[in-house]
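**Student:** This is run_6.txt (compact mmCIF, C-alpha atoms).
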```
# COMPACT_ATOMS: atom_id res chain seq x y z
CA MET A 27 26.31 -2.29 24.91
CA SER A 28 26.56 -0.23 21.77
CA ILE A 29 23.82 0.53 19.29
CA VAL A 30 24.97 -0.11 15.73
CA VAL A 31 22.93 1.53 13.01
CA LYS A 32 23.26 -0.62 9.89
CA LYS A 33 23.25 0.84 6.43
CA GLY A 34 20.30 0.07 4.22
CA ILE A 35 20.50 -1.22 0.65
CA LEU A 36 17.52 -1.51 -1.69
CA VAL A 37 17.89 -4.59 -3.87
CA ASP A 38 16.33 -4.46 -7.32
CA GLU A 39 14.35 -7.27 -8.96
CA SER A 40 17.18 -8.10 -11.37
CA VAL A 41 19.37 -9.30 -8.45
CA TRP A 42 16.69 -11.49 -6.85
CA LEU A 43 15.80 -12.96 -10.21
CA ALA A 44 19.45 -13.68 -11.01
CA LEU A 45 19.79 -15.58 -7.74
CA CYS A 46 16.53 -17.51 -7.99
CA LEU A 47 17.29 -18.53 -11.60
CA ASP A 48 21.03 -18.93 -10.89
CA LEU A 49 21.77 -17.52 -14.33
CA ASN A 50 25.22 -18.37 -15.68
CA GLU A 51 25.88 -14.70 -16.37
CA ARG A 52 24.66 -13.20 -13.08
CA GLY A 53 23.82 -15.93 -10.56
CA GLU A 54 27.24 -16.07 -8.89
CA GLU A 55 27.48 -12.30 -8.51
CA ALA A 56 23.99 -12.07 -6.98
CA TYR A 57 24.84 -14.96 -4.63
CA GLN A 58 28.13 -13.40 -3.51
CA PHE A 59 26.48 -10.06 -2.83
CA LEU A 60 23.56 -11.48 -0.85
CA THR A 61 25.68 -13.76 1.32
CA ALA A 62 28.18 -10.95 1.96
CA ALA A 63 25.47 -8.43 2.81
CA THR A 64 23.39 -10.66 5.11
CA GLY A 65 23.67 -9.46 8.68
CA LYS A 66 25.93 -6.54 7.79
CA VAL A 67 23.40 -4.25 6.15
CA ASN A 68 19.63 -4.00 6.11
CA LEU A 69 18.36 -5.27 2.79
CA TYR A 70 15.16 -3.74 1.43
CA VAL A 71 12.84 -4.86 -1.32
CA THR A 72 9.78 -3.05 -2.63
CA ALA A 73 6.38 -4.75 -2.68
CA THR A 74 6.23 -3.97 -6.42
CA CYS A 75 9.50 -5.84 -6.87
CA LEU A 76 8.02 -8.93 -5.18
CA GLN A 77 5.18 -8.80 -7.68
CA ASP A 78 7.70 -8.55 -10.54
CA VAL A 79 9.69 -11.50 -9.19
CA TRP A 80 6.53 -13.60 -9.08
CA ASN A 81 5.35 -12.61 -12.56
CA ASP A 82 8.73 -12.78 -14.27
CA LEU A 83 9.64 -16.13 -12.74
CA CYS A 84 6.39 -17.57 -14.07
CA HIS A 85 7.08 -16.15 -17.57
CA VAL A 86 10.64 -17.48 -17.65
CA LEU A 87 9.77 -20.94 -16.32
CA ARG A 88 6.87 -21.35 -18.78
CA HIS A 89 9.21 -20.32 -21.60
CA VAL A 90 11.92 -22.80 -20.62
CA VAL A 91 9.46 -25.68 -20.22
CA THR A 92 8.11 -24.97 -23.73
CA VAL A 93 11.56 -24.57 -25.30
CA GLU A 94 12.63 -27.89 -23.73
CA GLY A 95 9.70 -29.63 -25.38
CA GLY A 96 7.43 -29.78 -22.36
CA VAL A 97 3.78 -28.82 -22.19
CA VAL A 98 2.56 -26.20 -19.75
CA ASP A 99 -0.53 -28.03 -18.60
CA ASP A 100 -2.43 -27.48 -15.34
CA ARG A 101 0.04 -29.58 -13.37
CA ILE A 102 3.09 -27.67 -14.64
CA GLU A 103 1.27 -24.36 -14.21
CA ALA A 104 0.62 -25.26 -10.56
CA LEU A 105 4.26 -26.28 -10.12
CA ILE A 106 5.47 -23.00 -11.63
CA ALA A 107 3.16 -20.99 -9.39
CA SER A 108 4.43 -22.93 -6.38
CA ILE A 109 8.05 -22.16 -7.33
CA ALA A 110 7.17 -18.46 -7.73
CA TRP A 111 5.45 -18.39 -4.31
CA ASP A 112 8.47 -20.06 -2.69
CA SER A 113 10.76 -17.50 -4.29
CA VAL A 114 8.67 -14.56 -3.09
CA ALA A 115 8.65 -16.04 0.41
CA PHE A 116 12.44 -16.33 0.28
CA VAL A 117 12.91 -12.70 -0.84
CA ARG A 118 10.52 -11.49 1.87
CA ASP A 119 12.51 -13.43 4.45
CA ALA A 120 15.88 -12.16 3.25
CA ALA A 121 14.86 -8.50 3.01
CA THR A 122 12.52 -6.00 4.60
CA VAL A 123 9.56 -5.18 2.39
CA ILE A 124 8.94 -1.47 1.88
CA THR A 125 6.11 0.19 0.04
CA ALA A 126 5.63 3.38 -1.90
CA GLY A 127 2.88 5.71 -0.76
CA PRO A 128 1.51 8.99 -2.09
CA VAL A 129 4.65 10.92 -1.11
CA GLU A 130 6.91 8.55 -3.07
CA ALA A 131 4.49 8.58 -6.02
CA GLU A 132 4.71 12.36 -6.14
CA ARG A 133 8.48 12.31 -5.71
CA ALA A 134 8.77 9.83 -8.60
CA GLU A 135 7.07 12.37 -10.86
CA MET A 136 9.62 14.98 -9.82
CA LEU A 137 12.39 12.60 -10.94
CA LYS A 138 11.09 12.26 -14.48
CA ASP A 139 13.88 14.40 -15.95
CA LEU A 140 16.47 12.08 -14.38
CA GLN A 141 14.67 8.79 -14.95
CA ALA A 142 12.22 8.53 -17.83
CA ASP A 143 10.78 5.17 -16.70
CA TYR A 144 8.14 5.79 -14.01
CA ARG A 145 8.60 2.34 -12.47
CA GLU A 146 12.28 3.02 -11.89
CA ALA A 147 11.68 6.60 -10.75
CA LEU A 148 9.32 5.17 -8.14
CA LEU A 149 12.01 2.70 -7.07
CA VAL A 150 14.47 5.57 -6.59
CA ALA A 151 11.88 7.61 -4.69
CA THR A 152 11.22 4.62 -2.41
CA ALA A 153 14.96 4.16 -1.85
CA GLU A 154 15.19 7.81 -0.83
CA ALA A 155 12.26 7.43 1.54
CA CYS A 156 13.84 4.49 3.40
CA ARG A 157 17.20 6.29 3.38
CA ALA A 158 18.88 3.47 1.53
CA SER A 159 22.58 4.07 0.95
CA CYS A 160 22.25 2.70 -2.56
CA ILE A 161 20.22 0.57 -4.94
CA VAL A 162 21.86 -2.69 -6.00
CA THR A 163 20.90 -3.66 -9.53
CA PHE A 164 22.17 -5.20 -12.74
CA GLU A 165 20.25 -2.69 -14.82
CA ASP A 166 22.43 -0.12 -16.61
CA SER A 167 19.48 2.20 -17.14
CA LEU A 168 18.89 2.37 -13.40
CA ARG A 169 22.55 2.75 -12.53
CA ASP A 170 22.70 6.02 -14.41
CA CYS A 171 19.90 7.42 -12.34
CA LEU A 172 20.59 9.96 -9.62
CA PRO A 173 20.03 11.00 -6.82
CA VAL A 174 20.42 7.57 -5.18
CA LYS A 175 23.63 5.76 -6.01
CA CYS A 176 23.02 2.59 -8.01
CA LEU A 177 25.66 -0.16 -7.97
CA LYS A 178 26.15 -3.61 -9.44
CA PRO A 179 26.20 -6.30 -6.72
CA LEU A 180 29.96 -6.82 -6.57
CA ASP A 181 30.58 -3.06 -6.75
CA ALA A 182 28.36 -2.73 -3.69
CA VAL A 183 30.37 -5.44 -1.90
CA ARG A 184 33.54 -3.43 -2.55
CA ALA A 185 32.01 -0.01 -1.86
CA PHE A 186 30.60 -1.03 1.52
CA GLY A 187 33.43 -3.39 2.51
CA LEU A 188 31.01 -6.31 2.90
CA MET B 7 3.96 -13.60 32.61
CA GLU B 8 4.53 -12.71 36.20
CA GLN B 9 5.83 -9.62 37.88
CA ILE B 10 9.05 -9.55 39.84
CA THR B 11 8.86 -6.94 42.51
CA GLY B 12 11.35 -5.62 44.96
CA GLU B 13 11.03 -5.85 48.71
CA GLY B 14 9.00 -2.73 49.19
CA VAL B 15 9.42 0.99 49.26
CA GLU B 16 11.00 2.93 52.04
CA GLN B 17 9.61 6.40 52.26
CA ALA B 18 12.30 9.01 52.64
CA PRO B 19 11.64 11.85 55.03
CA ARG B 20 10.71 15.03 53.18
CA ARG B 21 13.59 17.50 53.09
CA ARG B 22 14.06 20.90 51.65
CA GLY B 23 16.48 21.52 48.78
CA ARG B 24 17.96 18.88 46.45
CA PRO B 25 16.31 15.48 47.00
CA ARG B 26 18.57 12.77 48.40
CA THR B 27 18.31 9.43 46.59
CA ARG B 28 21.28 7.42 47.92
CA GLY B 29 20.17 4.77 50.39
CA ILE B 30 16.53 5.02 49.41
CA THR B 31 15.18 1.90 47.74
CA THR B 32 12.55 1.82 45.06
CA GLN B 33 10.43 -0.86 43.50
CA MET B 34 10.90 -2.27 39.98
CA ASN B 35 8.22 -4.10 38.06
CA VAL B 36 9.53 -6.42 35.35
CA ARG B 37 7.50 -8.84 33.25
CA VAL B 38 9.12 -12.22 32.65
CA ASP B 39 7.89 -15.61 31.50
CA LYS B 40 6.12 -17.30 34.44
CA ASP B 41 7.90 -20.64 34.08
CA LEU B 42 11.25 -18.91 33.66
CA LYS B 43 10.66 -16.96 36.88
CA VAL B 44 9.80 -20.10 38.87
CA ARG B 45 12.86 -21.95 37.62
CA GLY B 46 15.12 -18.94 38.08
CA ASP B 47 13.84 -18.36 41.63
CA GLU B 48 14.58 -22.01 42.48
CA VAL B 49 18.18 -21.70 41.30
CA LEU B 50 18.68 -18.43 43.18
CA ARG B 51 17.13 -19.88 46.36
CA SER B 52 19.44 -22.88 46.19
CA MET B 53 22.35 -20.42 46.05
CA GLY B 54 21.02 -18.44 49.00
CA SER B 55 20.17 -15.52 46.77
CA ASN B 56 17.01 -13.85 45.43
CA PRO B 57 15.85 -11.64 42.51
CA THR B 58 16.38 -8.42 44.45
CA ASP B 59 19.99 -9.31 45.24
CA VAL B 60 20.75 -10.31 41.65
CA ILE B 61 19.09 -7.27 40.08
CA SER B 62 20.80 -4.91 42.53
CA ARG B 63 24.16 -6.44 41.66
CA LEU B 64 23.45 -6.19 37.94
CA TRP B 65 22.53 -2.51 38.24
CA SER B 66 25.63 -1.86 40.37
CA TYR B 67 27.79 -3.51 37.71
CA VAL B 68 26.23 -1.41 34.91
CA VAL B 69 26.73 1.82 36.89
CA ARG B 70 30.30 0.91 37.91
CA THR B 71 31.52 -0.23 34.48
CA GLY B 72 29.22 1.63 32.08
CA ARG B 73 28.41 -1.60 30.26
CA VAL B 74 26.39 -4.78 30.59
CA PRO B 75 28.08 -8.09 31.49
CA ASP B 76 29.65 -9.99 28.61
CA PHE B 77 27.15 -12.83 28.69
CA LEU B 78 24.37 -10.47 27.64
CA THR B 79 26.18 -9.18 24.56
CA ASP B 80 27.53 -12.67 23.80
CA GLU B 81 23.98 -13.99 23.67
CA GLU B 82 23.00 -11.18 21.36
CA ARG B 83 25.98 -11.90 19.11
CA GLU B 84 25.25 -15.61 19.09
CA ALA B 85 21.60 -14.99 18.21
CA GLN B 86 22.69 -12.70 15.37
CA ALA B 87 25.19 -15.29 14.10
CA ARG B 88 22.50 -17.98 14.17
CA GLU B 89 20.15 -15.73 12.18
CA GLU B 90 22.89 -15.00 9.62
CA ASP B 91 23.58 -18.73 9.24
CA ARG B 92 19.90 -19.39 8.72
CA LEU B 93 19.60 -16.68 6.07
CA ASN B 94 22.73 -17.86 4.28
CA ARG B 95 21.27 -21.36 4.13
CA GLU B 96 18.08 -19.85 2.72
CA ILE B 97 20.06 -18.00 0.05
CA GLU B 98 21.96 -21.17 -0.83
CA ASP B 99 18.72 -23.12 -1.06
CA ALA B 100 16.90 -20.45 -3.11
CA ARG B 101 19.75 -20.28 -5.62
CA GLY B 102 18.50 -22.10 -8.72
CA ARG B 103 15.79 -23.95 -6.74
CA ALA B 104 13.38 -23.28 -9.62
CA TRP B 105 15.45 -25.49 -11.94
CA ARG B 106 15.85 -28.26 -9.36
CA MET B 107 12.07 -28.34 -8.85
CA LEU B 108 11.38 -28.31 -12.60
CA ALA B 109 13.90 -31.11 -13.07
CA ASP B 110 12.35 -33.22 -10.30
CA GLU B 111 8.71 -32.62 -11.18
CA ALA B 112 8.74 -31.97 -14.92
CA GLY B 113 11.94 -33.63 -16.13
CA ILE B 114 13.39 -30.37 -17.49
CA ALA B 115 17.22 -30.42 -17.63
CA GLU B 116 18.59 -28.12 -14.92
CA GLY B 117 21.15 -26.49 -17.20
CA ALA B 118 18.52 -25.38 -19.70
CA GLY B 119 17.30 -22.42 -17.69
CA ARG B 120 20.64 -21.39 -16.22
CA SER B 121 22.05 -20.84 -19.69
CA LEU B 122 19.42 -18.21 -20.49
CA SER B 123 21.19 -15.08 -21.66
CA VAL B 124 20.50 -11.74 -20.03
CA ALA B 125 19.06 -10.51 -23.31
CA ASP B 126 16.64 -13.48 -23.39
CA LEU B 127 15.68 -12.88 -19.80
CA GLN B 128 14.95 -9.21 -20.39
CA ALA B 129 12.87 -10.06 -23.41
CA LEU B 130 10.82 -12.44 -21.27
CA CYS B 131 10.30 -10.19 -18.29
CA THR B 132 7.62 -7.58 -18.13
CA ALA B 133 9.88 -5.02 -16.56
CA GLY B 134 12.69 -5.99 -18.91
CA SER B 135 10.44 -5.49 -21.88
CA ALA B 136 9.55 -2.03 -20.65
CA ARG B 137 13.23 -1.17 -20.30
CA ARG B 138 14.02 -2.48 -23.76
CA ALA B 139 11.14 -0.51 -25.24
CA LYS B 140 12.49 2.59 -23.54
CA GLU B 141 16.01 1.95 -24.83
CA VAL B 142 14.66 1.51 -28.35
CA ALA B 143 12.66 4.71 -28.01
CA GLN B 144 15.72 6.59 -26.74
CA SER B 145 17.92 5.26 -29.52
```
Write out the structure in this file as C-alpha cells.
**Tutor:**
Amino acid sequence: MSIVVKKGILVDESVWLALCLDLNERGEEAYQFLTAATGKVNLYVTATCLQDVWNDLCHVLRHVVTVEGGVVDDRIEALIASIAWDSVAFVRDAATVITAGPVEAERAEMLKDLQADYREALLVATAEACRASCIVTFEDSLRDCLPVKCLKPLDAVRAFGL
Amino acid sequence: MEQITGEGVEQAPRRRGRPRTRGITTQMNVRVDKDLKVRGDEVLRSMGSNPTDVISRLWSYVVRTGRVPDFLTDEEREAQAREEDRLNREIEDARGRAWRMLADEAGIAEGAGRSLSVADLQALCTAGSARRAKEVAQS
C-alpha cells in the first residue's frame, strides 16, 4: 500500500460562482476544471469565499428576476436564499473549508506591497498556510499576485496534468 | 464493537542478551463491528478456520511480500472511484441549478442569467465591485 500525498488547490469565489451560474463566458471552463480536479487534488475553499458565494448569488439572482420583469417578493426572496444555501452546501461538499486566523491576518498585511486588496492578500496568505500549490481564479488582479501561483481553471488543468 | 483477541500469551523464558521473539506469540486487540465479527466468525468456522489463523496468515503475507493483498487496495480504489462519481454528479447538478430553480418556481427564462457578461457579474458582486473600485483607483 502506498501513501499518495495529493496536491492542494485553493479555488477562488469566481470559479464557484461561474459554475453555479453556468455563465456562458466561464461556466464551461469552471465545470471542466472541477470535474478534472475531483479526486486528483485536494480542493480548498475559504470560509470567507463561502460567504461571498452566498451573498453574490443572492445579488445576481435578485437582479436577473427584476430585469426579467419579475418581482422580488417574500416568496422569491425565500427561493433565492434557498438556492444560495444549496450552492454553499455544494461548494462545502466539493472542497475542504479552510479559515484564516491571526497568523494569516498578519501575513496578509505583509503582502500589501504585492496585493493592494486586503481581501485578496488574505486569500493568498490562507493559500500559503494550507500549502496550496496554486490558487485557481478568473480574476486577473489576483493572478498577478505573488508569492502563490494563481492560474485560470484550464491553465491549472494543463499545469497539473489533471 | 467487540474485541478480537488471540489465543493467549506464552511467556518466554528470560534470557540474557538480545531478546528472542521468533516462536513467541503475542496478543492483539482489534475493535470491529459486533455484527460483522459474529458473521465473520461463522464463515471462518464453517471453513474450519478462526480469526487467529486468518490474522496470522495476513501478517505473514504482509511480511513476506511487503504489501497488503490486492482486495484491500481494490476496495480502497473502488471507494475512491465511487466518491469521485458522486462528486462529479454533484458538480453536474450544481451547474446552473440556480436558473433551473428560478425557471421552475418563478418562471424566469433559464437563458437570461447565463448570458450575464463577466462585466455585469462583477458590477453586481460585492467582491467584484471592490476589485473594480481598486482598478479604477489604480488607473
**Student:** Taking all atoms listed in the file into account, which of A:Cys46, A:Phe59, A:Val91, A:Asp78 comes nearest A:Ile109?
**Tutor:** A:Cys46
**Student:** Grab the atom CA of A:Arg157 to atom CA of A:Gly34 distance for me, in Å with one decimal place.
**Tutor:** 7.0 Å
**Student:** Show me, as a PyMOL selection string, the residues that have an atom within 12 Å of A:Leu180 when counting only C-alpha atoms, minus same-chain residues fewer than 5 positions from it.
**Tutor:** chain A and resi 41+52-63+162-164+185-188
**Student:** Which distance in Å separates atom CA of B:Ala87 and atom CA of B:Arg101, to one decimal?
**Tutor:** 21.1 Å
**Student:** Set the cut-off to 9 Å and count all atoms listed in the file: what are the residues of chain B that reach chain A? Output as a PDB file with C-alpha atoms, in the coordinates of the input.
**Tutor:**
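Once written, result.pdb looks like this:
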```pdb
ATOM      1  CA  GLY B  72      29.220   1.630  32.080  1.00  0.00           C
ATOM      2  CA  ARG B  73      28.410  -1.600  30.260  1.00  0.00           C
ATOM      3  CA  VAL B  74      26.390  -4.780  30.590  1.00  0.00           C
ATOM      4  CA  PRO B  75      28.080  -8.090  31.490  1.00  0.00           C
ATOM      5  CA  LEU B  78      24.370 -10.470  27.640  1.00  0.00           C
ATOM      6  CA  THR B  79      26.180  -9.180  24.560  1.00  0.00           C
ATOM      7  CA  GLN B  86      22.690 -12.700  15.370  1.00  0.00           C
ATOM      8  CA  ALA B  87      25.190 -15.290  14.100  1.00  0.00           C
ATOM      9  CA  GLU B  89      20.150 -15.730  12.180  1.00  0.00           C
ATOM     10  CA  GLU B  90      22.890 -15.000   9.620  1.00  0.00           C
ATOM     11  CA  LEU B  93      19.600 -16.680   6.070  1.00  0.00           C
ATOM     12  CA  ASN B  94      22.730 -17.860   4.280  1.00  0.00           C
ATOM     13  CA  GLU B  96      18.080 -19.850   2.720  1.00  0.00           C
ATOM     14  CA  ILE B  97      20.060 -18.000   0.050  1.00  0.00           C
ATOM     15  CA  GLU B  98      21.960 -21.170  -0.830  1.00  0.00           C
ATOM     16  CA  ALA B 100      16.900 -20.450  -3.110  1.00  0.00           C
ATOM     17  CA  ARG B 101      19.750 -20.280  -5.620  1.00  0.00           C
ATOM     18  CA  GLY B 102      18.500 -22.100  -8.720  1.00  0.00           C
ATOM     19  CA  ARG B 103      15.790 -23.950  -6.740  1.00  0.00           C
ATOM     20  CA  ALA B 104      13.380 -23.280  -9.620  1.00  0.00           C
ATOM     21  CA  TRP B 105      15.450 -25.490 -11.940  1.00  0.00           C
ATOM     22  CA  MET B 107      12.070 -28.340  -8.850  1.00  0.00           C
ATOM     23  CA  LEU B 108      11.380 -28.310 -12.600  1.00  0.00           C
ATOM     24  CA  GLU B 111       8.710 -32.620 -11.180  1.00  0.00           C
ATOM     25  CA  ALA B 112       8.740 -31.970 -14.920  1.00  0.00           C
ATOM     26  CA  GLY B 113      11.940 -33.630 -16.130  1.00  0.00           C
ATOM     27  CA  ILE B 114      13.390 -30.370 -17.490  1.00  0.00           C
ATOM     28  CA  ALA B 115      17.220 -30.420 -17.630  1.00  0.00           C
ATOM     29  CA  ALA B 118      18.520 -25.380 -19.700  1.00  0.00           C
ATOM     30  CA  GLY B 119      17.300 -22.420 -17.690  1.00  0.00           C
ATOM     31  CA  ARG B 120      20.640 -21.390 -16.220  1.00  0.00           C
ATOM     32  CA  SER B 121      22.050 -20.840 -19.690  1.00  0.00           C
ATOM     33  CA  LEU B 122      19.420 -18.210 -20.490  1.00  0.00           C
ATOM     34  CA  SER B 123      21.190 -15.080 -21.660  1.00  0.00           C
ATOM     35  CA  VAL B 124      20.500 -11.740 -20.030  1.00  0.00           C
ATOM     36  CA  LEU B 127      15.680 -12.880 -19.800  1.00  0.00           C
ATOM     37  CA  LEU B 130      10.820 -12.440 -21.270  1.00  0.00           C
ATOM     38  CA  CYS B 131      10.300 -10.190 -18.290  1.00  0.00           C
ATOM     39  CA  THR B 132       7.620  -7.580 -18.130  1.00  0.00           C
ATOM     40  CA  ALA B 133       9.880  -5.020 -16.560  1.00  0.00           C
ATOM     41  CA  ALA B 136       9.550  -2.030 -20.650  1.00  0.00           C
ATOM     42  CA  ARG B 137      13.230  -1.170 -20.300  1.00  0.00           C
ATOM     43  CA  LYS B 140      12.490   2.590 -23.540  1.00  0.00           C
ATOM     44  CA  GLU B 141      16.010   1.950 -24.830  1.00  0.00           C
TER      45      GLU B 141
END
```
**Student:** Which distance in Å separates atom CA of A:Glu135 and atom CA of A:Val71, to one decimal?
**Tutor:**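 One can read the atom CA of A:Glu135 to atom CA of A:Val71 distance as 20.5 Å.
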**Student:** Applying 10 Å and all atoms listed in the file, which residues near A:Glu154 remain after dropping the ones on its own chain fewer than 6 positions away? List them as number ranges by chain.
**Tutor:** A: 36, 130, 133, 148, 160-161, 173-174
